[in-house]
$ cat structure-v5.cif   # mmCIF, C-alpha atoms
data_upload
#
loop_
_atom_site.label_atom_id
_atom_site.label_comp_id
_atom_site.auth_asym_id
_atom_site.auth_seq_id
_atom_site.Cartn_x
_atom_site.Cartn_y
_atom_site.Cartn_z
CA MET F 1 -3.89 19.16 13.25
CA ARG F 2 -3.47 18.61 9.51
CA HIS F 3 0.01 19.57 8.26
CA THR F 4 1.13 20.05 4.65
CA LEU F 5 4.88 19.59 4.20
CA SER F 6 6.87 20.46 1.09
CA ILE F 7 10.19 18.65 0.69
CA LEU F 8 12.83 19.20 -2.00
CA VAL F 9 14.98 16.11 -2.40
CA GLU F 10 17.58 14.76 -4.82
CA ASN F 11 15.91 12.52 -7.38
CA ARG F 12 17.65 9.21 -6.49
CA TYR F 13 16.27 5.82 -5.66
CA GLY F 14 15.93 5.14 -1.97
CA GLU F 15 15.35 8.74 -0.87
CA LEU F 16 11.58 8.50 -0.80
CA ALA F 17 11.79 5.30 1.25
CA ARG F 18 13.96 7.10 3.83
CA ILE F 19 11.56 10.05 4.15
CA VAL F 20 8.48 7.85 4.40
CA GLY F 21 10.31 5.62 6.89
CA LEU F 22 10.76 8.52 9.33
CA PHE F 23 6.99 8.90 9.59
CA SER F 24 6.21 5.21 9.89
CA ALA F 25 8.95 4.75 12.51
CA ARG F 26 6.99 7.11 14.76
CA GLY F 27 3.66 5.52 13.94
CA TYR F 28 2.51 8.52 11.91
CA ASN F 29 0.27 7.76 8.98
CA ILE F 30 0.73 9.69 5.73
CA GLU F 31 -2.70 10.86 4.58
CA SER F 32 -1.53 11.78 1.14
CA LEU F 33 1.80 12.07 -0.63
CA THR F 34 2.80 13.20 -4.09
CA VAL F 35 6.25 13.23 -5.59
CA ALA F 36 7.31 14.49 -9.02
CA GLU F 37 10.20 16.25 -10.70
CA THR F 38 10.81 19.98 -10.36
CA LEU F 39 12.21 22.16 -13.17
CA ASP F 40 15.52 20.51 -12.48
CA SER F 41 15.15 16.80 -13.24
CA ALA F 42 17.78 16.01 -10.58
CA VAL F 43 15.47 17.39 -7.87
CA SER F 44 12.04 16.09 -6.84
CA CYS F 45 9.40 17.85 -4.81
CA VAL F 46 7.46 15.81 -2.26
CA THR F 47 4.19 17.18 -0.87
CA LEU F 48 3.10 15.26 2.18
CA VAL F 49 -0.03 15.60 4.32
CA THR F 50 -0.12 14.13 7.81
CA SER F 51 -2.07 14.75 11.00
CA GLY F 52 -0.70 14.90 14.49
CA ASP F 53 0.38 17.11 17.32
CA ASP F 54 2.50 20.09 16.30
CA ARG F 55 5.49 19.22 18.50
CA THR F 56 6.00 15.72 17.09
CA ILE F 57 5.61 16.89 13.50
CA GLU F 58 8.15 19.64 14.16
CA GLN F 59 10.56 16.94 15.33
CA ILE F 60 9.94 14.74 12.29
CA VAL F 61 10.52 17.78 10.04
CA LYS F 62 13.90 18.31 11.75
CA GLN F 63 14.83 14.68 11.15
CA VAL F 64 13.81 14.87 7.49
CA ASN F 65 15.98 17.99 7.18
CA LYS F 66 18.98 16.00 8.43
CA LEU F 67 18.77 13.45 5.58
CA VAL F 68 21.79 14.00 3.34
CA ARG F 69 19.90 14.20 0.05
CA VAL F 70 17.06 16.37 1.36
CA LEU F 71 17.64 19.94 0.20
CA HIS F 72 14.81 21.79 1.90
CA VAL F 73 11.74 21.10 4.05
CA THR F 74 8.94 23.51 4.90
CA ASP F 75 5.80 23.04 6.95
CA LEU F 76 3.47 25.08 4.74
CA THR F 77 0.64 25.00 7.26
CA SER F 78 1.50 28.38 8.74
CA THR F 79 2.75 30.11 5.56
CA SER F 80 0.83 31.83 2.76
CA HIS F 81 0.25 29.13 0.18
CA PHE F 82 -2.22 27.73 -2.31
CA GLU F 83 -3.47 24.11 -2.16
CA ARG F 84 -5.14 21.96 -4.77
CA GLU F 85 -5.92 18.33 -5.45
CA LEU F 86 -6.92 16.51 -8.63
CA VAL F 87 -9.50 13.74 -8.72
CA LEU F 88 -10.58 11.46 -11.58
CA ILE F 89 -13.97 9.81 -11.09
CA ASN F 90 -15.47 7.11 -13.28
CA VAL F 91 -19.19 7.48 -12.50
CA LYS F 92 -22.13 5.40 -13.76
CA THR F 93 -24.80 7.15 -15.84
CA GLU F 94 -26.85 4.19 -16.95
CA THR F 95 -30.10 6.07 -17.50
CA ASN F 96 -30.76 9.28 -19.37
CA ALA F 97 -31.97 10.91 -16.18
CA ALA F 98 -28.78 9.99 -14.34
CA MET F 99 -26.69 11.37 -17.21
CA GLN F 100 -28.60 14.67 -17.11
CA THR F 101 -28.29 15.07 -13.34
CA VAL F 102 -24.56 14.33 -13.41
CA LEU F 103 -24.00 16.72 -16.33
CA SER F 104 -25.84 19.55 -14.56
CA LEU F 105 -23.70 18.90 -11.47
CA VAL F 106 -20.63 19.08 -13.73
CA SER F 107 -21.61 22.45 -15.22
CA ARG F 108 -22.73 23.90 -11.86
CA ASN F 109 -19.36 23.10 -10.27
CA HIS F 110 -17.16 23.96 -13.28
CA LEU F 111 -15.89 20.40 -13.56
CA ARG F 112 -14.69 18.78 -16.76
CA VAL F 113 -15.98 15.74 -18.56
CA ALA F 114 -12.77 13.98 -19.51
CA GLU F 115 -14.29 11.04 -21.34
CA VAL F 116 -17.76 9.88 -22.33
CA MET F 117 -18.46 6.15 -22.29
CA GLU F 118 -21.57 4.20 -23.18
CA ASP F 119 -22.89 4.01 -19.64
CA GLY F 120 -20.70 6.42 -17.71
CA LEU F 121 -18.47 9.46 -17.60
CA ILE F 122 -14.94 10.14 -16.43
CA ILE F 123 -15.05 13.41 -14.52
CA GLU F 124 -11.96 15.50 -13.81
CA ALA F 125 -12.09 17.96 -10.93
CA THR F 126 -9.62 20.07 -9.01
CA GLY F 127 -10.17 21.78 -5.69
CA GLU F 128 -9.25 21.88 -2.06
CA TRP F 129 -9.39 18.70 -0.01
CA LYS F 130 -12.80 19.54 1.52
CA GLN F 131 -14.34 20.54 -1.83
CA ILE F 132 -13.29 17.22 -3.34
CA ASN F 133 -14.77 15.38 -0.36
CA SER F 134 -18.18 17.00 -0.90
CA LEU F 135 -18.07 16.41 -4.65
CA VAL F 136 -17.43 12.72 -4.02
CA GLU F 137 -20.40 12.60 -1.65
CA GLU F 138 -22.65 14.16 -4.29
CA LEU F 139 -21.59 11.64 -6.94
CA MET F 140 -21.75 8.61 -4.66
CA PRO F 141 -25.50 7.87 -5.18
CA PHE F 142 -24.96 7.39 -8.95
CA GLY F 143 -22.39 4.70 -8.40
CA ILE F 144 -18.67 5.38 -8.58
CA ARG F 145 -16.85 2.69 -10.56
CA HIS F 146 -13.36 3.94 -9.88
CA ILE F 147 -11.88 7.01 -8.23
CA VAL F 148 -8.32 8.23 -7.89
CA ARG F 149 -7.17 11.30 -5.99
CA THR F 150 -3.71 12.80 -6.31
CA GLY F 151 -3.53 14.08 -2.77
CA THR F 152 -2.76 17.71 -2.02
CA VAL F 153 -0.08 19.76 -3.73
CA ALA F 154 0.78 23.31 -2.67
CA VAL F 155 2.74 26.30 -3.97
CA TRP F 156 3.99 29.28 -2.03
CA LYS F 157 2.46 32.63 -2.88
CA ASN F 158 5.73 34.40 -2.08
CA PRO F 159 8.54 31.88 -2.14
CA THR F 160 11.90 32.87 -0.70
CA ALA F 161 15.01 32.32 -2.79
CA GLU F 162 16.01 29.22 -0.84
CA VAL F 163 12.95 27.20 -1.83
CA MET F 164 13.47 27.74 -5.56
CA PRO F 165 14.39 24.59 -7.50
CA HIS F 166 17.37 26.51 -8.94
CA ALA F 167 18.59 27.40 -5.50
CA ALA F 168 18.08 23.77 -4.55
CA THR F 169 20.22 22.67 -7.50
CA ALA F 170 22.97 24.99 -6.40
CA THR F 171 22.91 23.35 -2.97
CA ALA F 172 22.91 19.89 -4.51
CA GLY F 173 25.96 20.74 -6.61
CA GLU F 174 28.10 21.71 -3.64
CA MET D 1 9.47 1.89 -21.07
CA ARG D 2 7.30 4.08 -18.84
CA HIS D 3 4.93 2.06 -16.64
CA THR D 4 1.96 3.35 -14.65
CA LEU D 5 1.05 1.08 -11.72
CA SER D 6 -2.09 1.31 -9.62
CA ILE D 7 -1.89 -0.25 -6.17
CA LEU D 8 -4.70 -0.64 -3.63
CA VAL D 9 -3.29 -0.95 -0.13
CA GLU D 10 -4.57 -0.89 3.45
CA ASN D 11 -4.20 2.60 4.87
CA ARG D 12 -1.69 1.84 7.68
CA TYR D 13 1.62 3.40 8.53
CA GLY D 14 4.60 1.55 7.14
CA GLU D 15 2.89 0.13 4.05
CA LEU D 16 4.05 2.89 1.70
CA ALA D 17 7.61 2.47 2.95
CA ARG D 18 7.47 -1.26 2.13
CA ILE D 19 6.18 -0.67 -1.41
CA VAL D 20 8.68 2.08 -2.15
CA GLY D 21 11.44 -0.09 -0.66
CA LEU D 22 10.84 -2.85 -3.23
CA PHE D 23 11.68 -0.42 -6.02
CA SER D 24 14.72 1.12 -4.37
CA ALA D 25 16.07 -2.33 -3.44
CA ARG D 26 16.35 -3.08 -7.16
CA GLY D 27 17.78 0.33 -7.99
CA TYR D 28 14.60 1.48 -9.71
CA ASN D 29 13.80 5.16 -9.43
CA ILE D 30 10.19 6.23 -8.92
CA GLU D 31 9.46 9.04 -11.39
CA SER D 32 6.26 10.05 -9.70
CA LEU D 33 4.06 8.67 -6.95
CA THR D 34 0.76 9.75 -5.50
CA VAL D 35 -1.12 8.20 -2.63
CA ALA D 36 -4.51 9.18 -1.25
CA GLU D 37 -7.60 7.60 0.28
CA THR D 38 -10.19 5.78 -1.80
CA LEU D 39 -13.93 5.83 -1.04
CA ASP D 40 -13.14 3.53 1.85
CA SER D 41 -10.89 5.44 4.24
CA ALA D 42 -9.25 2.14 5.30
CA VAL D 43 -7.89 1.69 1.76
CA SER D 44 -5.43 3.93 -0.10
CA CYS D 45 -4.70 4.00 -3.80
CA VAL D 46 -1.09 4.44 -4.88
CA THR D 47 -0.36 5.50 -8.48
CA LEU D 48 3.29 4.97 -9.31
CA VAL D 49 5.22 5.77 -12.49
CA THR D 50 8.57 4.14 -13.14
CA SER D 51 10.70 3.36 -16.18
CA GLY D 52 12.53 0.16 -16.87
CA ASP D 53 12.50 -3.07 -18.80
CA ASP D 54 9.17 -4.89 -18.84
CA ARG D 55 10.47 -8.14 -17.30
CA THR D 56 11.94 -6.51 -14.19
CA ILE D 57 8.87 -4.38 -13.62
CA GLU D 58 6.69 -7.47 -13.95
CA GLN D 59 8.78 -9.08 -11.21
CA ILE D 60 8.53 -6.03 -8.92
CA VAL D 61 4.74 -6.04 -9.47
CA LYS D 62 4.64 -9.67 -8.35
CA GLN D 63 6.60 -8.83 -5.21
CA VAL D 64 4.32 -5.88 -4.41
CA ASN D 65 1.35 -8.23 -4.80
CA LYS D 66 2.85 -10.54 -2.16
CA LEU D 67 2.86 -7.80 0.52
CA VAL D 68 0.24 -8.74 3.11
CA ARG D 69 -1.56 -5.42 3.18
CA VAL D 70 -1.55 -4.87 -0.58
CA LEU D 71 -5.01 -5.70 -1.92
CA HIS D 72 -4.51 -5.31 -5.65
CA VAL D 73 -1.84 -4.23 -8.14
CA THR D 74 -2.31 -3.49 -11.83
CA ASP D 75 0.15 -2.36 -14.46
CA LEU D 76 -2.16 0.04 -16.29
CA THR D 77 0.23 0.49 -19.19
CA SER D 78 -1.44 -2.12 -21.37
CA THR D 79 -5.07 -1.57 -20.25
CA SER D 80 -7.64 0.99 -21.35
CA HIS D 81 -7.24 3.86 -18.93
CA PHE D 82 -7.23 7.62 -18.60
CA GLU D 83 -4.23 9.57 -17.21
CA ARG D 84 -3.99 13.08 -15.84
CA GLU D 85 -1.62 15.21 -13.81
CA LEU D 86 -2.14 18.49 -11.95
CA VAL D 87 0.43 21.26 -11.86
CA LEU D 88 0.47 24.53 -9.92
CA ILE D 89 2.81 27.18 -11.32
CA ASN D 90 3.69 30.48 -9.67
CA VAL D 91 4.84 32.53 -12.67
CA LYS D 92 6.26 36.08 -12.75
CA THR D 93 4.33 38.75 -14.67
CA GLU D 94 6.23 41.84 -13.68
CA THR D 95 5.32 43.92 -16.75
CA ASN D 96 1.96 44.53 -18.35
CA ALA D 97 3.18 42.89 -21.54
CA ALA D 98 4.25 39.74 -19.68
CA MET D 99 0.88 39.60 -17.94
CA GLN D 100 -0.96 39.85 -21.27
CA THR D 101 1.15 37.16 -22.93
CA VAL D 102 0.70 34.76 -20.03
CA LEU D 103 -3.05 35.43 -19.89
CA SER D 104 -3.46 34.74 -23.61
CA LEU D 105 -1.52 31.50 -23.16
CA VAL D 106 -3.88 30.65 -20.28
CA SER D 107 -7.02 31.21 -22.36
CA ARG D 108 -5.60 29.46 -25.45
CA ASN D 109 -4.82 26.31 -23.45
CA HIS D 110 -7.95 26.35 -21.25
CA LEU D 111 -5.89 26.74 -18.10
CA ARG D 112 -7.13 28.39 -14.90
CA VAL D 113 -5.79 31.40 -13.09
CA ALA D 114 -5.96 30.25 -9.49
CA GLU D 115 -4.66 33.40 -7.86
CA VAL D 116 -3.60 36.88 -8.95
CA MET D 117 -0.74 38.53 -7.11
CA GLU D 118 0.86 41.93 -7.54
CA ASP D 119 3.63 40.73 -9.83
CA GLY D 120 2.61 37.20 -10.73
CA LEU D 121 -0.06 34.57 -11.21
CA ILE D 122 -0.67 31.10 -9.84
CA ILE D 123 -1.74 28.95 -12.78
CA GLU D 124 -3.54 25.63 -12.37
CA ALA D 125 -3.38 23.15 -15.22
CA THR D 126 -4.26 19.52 -15.76
CA GLY D 127 -3.18 17.31 -18.62
CA GLU D 128 -1.13 14.35 -19.65
CA TRP D 129 2.51 14.19 -18.64
CA LYS D 130 3.77 15.39 -22.06
CA GLN D 131 1.27 18.27 -22.24
CA ILE D 132 2.39 19.52 -18.84
CA ASN D 133 6.02 19.31 -19.95
CA SER D 134 5.38 21.57 -22.95
CA LEU D 135 3.33 24.03 -20.89
CA VAL D 136 6.21 24.33 -18.43
CA GLU D 137 8.58 25.01 -21.32
CA GLU D 138 6.31 27.78 -22.63
CA LEU D 139 6.12 29.48 -19.24
CA MET D 140 9.81 29.12 -18.43
CA PRO D 141 10.94 32.36 -20.18
CA PHE D 142 8.69 34.48 -17.92
CA GLY D 143 10.33 33.16 -14.78
CA ILE D 144 8.79 30.39 -12.72
CA ARG D 145 8.97 31.17 -8.99
CA HIS D 146 7.64 27.86 -7.79
CA ILE D 147 6.16 24.79 -9.45
CA VAL D 148 4.62 21.64 -8.02
CA ARG D 149 3.36 18.68 -10.02
CA THR D 150 1.22 15.92 -8.56
CA GLY D 151 2.58 13.19 -10.77
CA THR D 152 0.27 11.01 -12.85
CA VAL D 153 -3.00 9.51 -11.64
CA ALA D 154 -5.05 7.11 -13.74
CA VAL D 155 -8.53 5.57 -13.76
CA TRP D 156 -9.73 2.52 -15.61
CA LYS D 157 -12.29 3.09 -18.32
CA ASN D 158 -13.86 -0.30 -17.65
CA PRO D 159 -12.81 -1.49 -14.22
CA THR D 160 -13.45 -5.09 -13.26
CA ALA D 161 -15.17 -5.83 -9.97
CA GLU D 162 -11.94 -6.80 -8.24
CA VAL D 163 -10.38 -3.35 -8.54
CA MET D 164 -13.34 -1.58 -6.95
CA PRO D 165 -12.60 -0.01 -3.56
CA HIS D 166 -15.67 -1.81 -2.17
CA ALA D 167 -14.40 -5.15 -3.39
CA ALA D 168 -11.08 -4.24 -1.85
CA THR D 169 -12.76 -3.59 1.49
CA ALA D 170 -14.37 -7.00 1.39
CA THR D 171 -10.94 -8.56 0.89
CA ALA D 172 -9.47 -6.48 3.70
CA GLY D 173 -12.19 -7.58 6.09
CA GLU D 174 -11.55 -11.28 5.61
#
$ encode --input "structure-v5.cif" --output "structure tokens"
Amino acid sequence: MRHTLSILVENRYGELARIVGLFSARGYNIESLTVAETLDSAVSCVTLVTSGDDRTIEQIVKQVNKLVRVLHVTDLTSTSHFERELVLINVKTETNAAMQTVLSLVSRNHLRVAEVMEDGLIIEATGEWKQINSLVEELMPFGIRHIVRTGTVAVWKNPTAEVMPHAATATAGE
Amino acid sequence: MRHTLSILVENRYGELARIVGLFSARGYNIESLTVAETLDSAVSCVTLVTSGDDRTIEQIVKQVNKLVRVLHVTDLTSTSHFERELVLINVKTETNAAMQTVLSLVSRNHLRVAEVMEDGLIIEATGEWKQINSLVEELMPFGIRHIVRTGTVAVWKNPTAEVMPHAATATAGE
């Protein structure tokens, strides 16, 4: 099963390597991972997607929780949350017809044209993992020059106090 | 100086840990990192932002390039590219006035309301790193319950053949 984990961690070098190492040590591949600062620049939030059996992932989560500089870990999979991913696609539109078809696909799906080049477009789209997959399939026939996906990020709909970055800072300052 | 690196790597467990380890071994902090599949599910693209002096980063790039499963590394900083970041913000709108102010900010900045809750909104925004920073500052006074940023991703405007995922696959299959 696909699991989305959210990890609050002190923003120091070496911490990410430790977290990632716990997954690779068990032979678990990380499908996607994003890490960036929270409101408190001393704390980073890692969103990590992995697939595997629930028991093993539960055990890895416990091990991540034991890392000294990890402030909080949640497996979002079973909680009420909201997921999104960003993708940038550099797609060829070498003929007028190709340009028109791609532009109508853009307007039909509420995507954004981020940049117009002589023979192509950079398209910016956000959506759930599956939506992005089908968008990529639709654009494939035109020729994709370059594509980058951020991987999934997720926010709680009703976060508890303990997952707040401020709460996390308080813990870090102990 | 802030550097944005794009790394194509075989999608195997342990590879991310090795890349991240090269930075932490030199005491370099990773400001943001995203990793997700490319068009070829056997190849992942890592976008990594770090700050430091140009010489040292050049050396780390060389070391990353030497890793067996790394197919290609580019320091995008000096090339023609396009950067974006996605942020999800769960913001409080407990009064009608707060709701109206936040909604007008949303429409003024072409943001999206991703979800409406009883006493708050989930806002979805994309932009450059600096733009996201100022948006966060504007929303701060209302009370941010939870925020997650993807970190920067970047695409080339004019990619060369060697950075194409398909080219990368050919290399991987050697």
$ closest_residue --input "structure-v5.cif" --among "D:Leu86, D:Asn158, D:Ile7, D:Glu124" --to "Leu48 of chain D" --atoms "all atoms listed in the file"
D:Ile7
$ resolve_selection --input "structure-v5.cif" --expression "the PyMOL selection byres ((chain D) within 6 of (chain F))" --output "short mmCIF file (atom, residue, chain, number, x, y, z; two decimals) with C-alpha atoms, keeping the file's coordinate frame"
data_model
loop_
_atom_site.label_atom_id
_atom_site.label_comp_id
_atom_site.auth_asym_id
_atom_site.auth_seq_id
_atom_site.Cartn_x
_atom_site.Cartn_y
_atom_site.Cartn_z
CA TYR D 13 1.62 3.40 8.53
CA GLY D 14 4.60 1.55 7.14
CA ALA D 17 7.61 2.47 2.95
CA VAL D 20 8.68 2.08 -2.15
CA GLY D 21 11.44 -0.09 -0.66
CA SER D 24 14.72 1.12 -4.37
CA ASN D 29 13.80 5.16 -9.43
CA SER D 32 6.26 10.05 -9.70
CA LEU D 33 4.06 8.67 -6.95
CA THR D 34 0.76 9.75 -5.50
CA VAL D 35 -1.12 8.20 -2.63
CA ALA D 36 -4.51 9.18 -1.25
CA ARG D 149 3.36 18.68 -10.02
CA THR D 150 1.22 15.92 -8.56
CA GLY D 151 2.58 13.19 -10.77
#
$ residues_around --input "structure-v5.cif" --residues "Ser107 of chain D" --least-positions-apart "5" --cutoff "12 Å" --atoms "only C-alpha atoms" --output "ChimeraX atom specification"
/D:100-102,112-113,123-125
$ atom_distance --input "structure-v5.cif" --atom1 "atom CA of Leu5 of chain F" --atom2 "atom CA of Gly143 of chain D"
24.0 Å
$ resolve_selection --input "structure-v5.cif" --expression "the PyMOL selection byres ((chain D and resi 57) around 10)" --output "MDAnalysis selection string"
chainID D and resid 1 3 5 23 26 28 50:56 58:63 75
$ atom_distance --input "structure-v5.cif" --atom1 "atom CA of His110 of chain F" --atom2 "atom CA of Leu8 of chain D"
29.2 Å
$ atom_distance --input "structure-v5.cif" --atom1 "atom CA of Asn65 of chain F" --atom2 "atom CA of Trp129 of chain F"
26.4 Å
$ resolve_selection --input "structure-v5.cif" --expression "the PyMOL selection byres ((chain F and resi 69) around 8)" --output "ChimeraX atom specification"
/F:9-10,15,67-68,70-71,172
$ build_atoms --input "structure-v5.cif" --residues "segment 82-114 of chain F" --atoms "N, CA and C atoms" --output "compact mmCIF listing (two decimals), in the frame of the given file"
# COMPACT_ATOMS: atom_id res chain seq x y z
N PHE F 82 -1.04 28.04 -1.52
CA PHE F 82 -2.22 27.73 -2.31
C PHE F 82 -2.27 26.21 -2.52
N GLU F 83 -3.37 25.58 -2.10
CA GLU F 83 -3.47 24.11 -2.16
C GLU F 83 -4.50 23.64 -3.18
N ARG F 84 -4.21 22.58 -3.85
CA ARG F 84 -5.14 21.96 -4.77
C ARG F 84 -4.94 20.45 -4.82
N GLU F 85 -5.97 19.77 -5.28
CA GLU F 85 -5.92 18.33 -5.45
C GLU F 85 -6.66 17.99 -6.73
N LEU F 86 -6.23 16.96 -7.42
CA LEU F 86 -6.92 16.51 -8.63
C LEU F 86 -7.59 15.18 -8.34
N VAL F 87 -8.82 15.02 -8.87
CA VAL F 87 -9.50 13.74 -8.72
C VAL F 87 -10.06 13.32 -10.07
N LEU F 88 -9.94 12.04 -10.39
CA LEU F 88 -10.58 11.46 -11.58
C LEU F 88 -11.64 10.49 -11.07
N ILE F 89 -12.87 10.66 -11.57
CA ILE F 89 -13.97 9.81 -11.09
C ILE F 89 -14.68 9.16 -12.28
N ASN F 90 -14.72 7.86 -12.27
CA ASN F 90 -15.47 7.11 -13.28
C ASN F 90 -16.84 6.82 -12.67
N VAL F 91 -17.87 7.57 -13.13
CA VAL F 91 -19.19 7.48 -12.50
C VAL F 91 -20.20 6.88 -13.48
N LYS F 92 -21.09 6.04 -12.94
CA LYS F 92 -22.13 5.40 -13.76
C LYS F 92 -23.20 6.41 -14.15
N THR F 93 -23.64 6.36 -15.42
CA THR F 93 -24.80 7.15 -15.84
C THR F 93 -25.59 6.22 -16.76
N GLU F 94 -26.23 5.25 -16.15
CA GLU F 94 -26.85 4.19 -16.95
C GLU F 94 -28.19 4.60 -17.55
N THR F 95 -28.85 5.57 -16.92
CA THR F 95 -30.10 6.07 -17.50
C THR F 95 -29.89 7.48 -18.01
N ASN F 96 -30.81 7.92 -18.85
CA ASN F 96 -30.76 9.28 -19.37
C ASN F 96 -30.89 10.30 -18.25
N ALA F 97 -31.74 10.00 -17.30
CA ALA F 97 -31.97 10.91 -16.18
C ALA F 97 -30.70 11.07 -15.34
N ALA F 98 -30.02 9.94 -15.10
CA ALA F 98 -28.78 9.99 -14.34
C ALA F 98 -27.74 10.83 -15.07
N MET F 99 -27.63 10.61 -16.39
CA MET F 99 -26.69 11.37 -17.21
C MET F 99 -26.96 12.87 -17.09
N GLN F 100 -28.25 13.25 -17.19
CA GLN F 100 -28.60 14.67 -17.11
C GLN F 100 -28.27 15.28 -15.75
N THR F 101 -28.56 14.54 -14.68
CA THR F 101 -28.29 15.07 -13.34
C THR F 101 -26.78 15.24 -13.14
N VAL F 102 -26.01 14.23 -13.58
CA VAL F 102 -24.56 14.33 -13.41
C VAL F 102 -24.01 15.49 -14.25
N LEU F 103 -24.51 15.64 -15.48
CA LEU F 103 -24.00 16.72 -16.33
C LEU F 103 -24.34 18.10 -15.76
N SER F 104 -25.50 18.24 -15.13
CA SER F 104 -25.84 19.55 -14.56
C SER F 104 -24.97 19.82 -13.33
N LEU F 105 -24.63 18.77 -12.59
CA LEU F 105 -23.70 18.90 -11.47
C LEU F 105 -22.31 19.32 -11.98
N VAL F 106 -21.92 18.76 -13.12
CA VAL F 106 -20.63 19.08 -13.73
C VAL F 106 -20.58 20.56 -14.11
N SER F 107 -21.66 21.05 -14.76
CA SER F 107 -21.61 22.45 -15.22
C SER F 107 -21.75 23.42 -14.04
N ARG F 108 -22.54 23.04 -13.03
CA ARG F 108 -22.73 23.90 -11.86
C ARG F 108 -21.41 24.08 -11.09
N ASN F 109 -20.59 23.04 -11.05
CA ASN F 109 -19.36 23.10 -10.27
C ASN F 109 -18.10 23.35 -11.11
N HIS F 110 -18.29 23.70 -12.39
CA HIS F 110 -17.16 23.96 -13.28
C HIS F 110 -16.19 22.78 -13.32
N LEU F 111 -16.74 21.58 -13.41
CA LEU F 111 -15.89 20.40 -13.56
C LEU F 111 -15.70 20.13 -15.05
N ARG F 112 -14.88 19.14 -15.36
CA ARG F 112 -14.69 18.78 -16.76
C ARG F 112 -15.09 17.34 -17.00
N VAL F 113 -15.73 17.12 -18.13
CA VAL F 113 -15.98 15.74 -18.56
C VAL F 113 -14.76 15.33 -19.37
N ALA F 114 -14.02 14.36 -18.87
CA ALA F 114 -12.77 13.98 -19.51
C ALA F 114 -13.01 12.93 -20.58
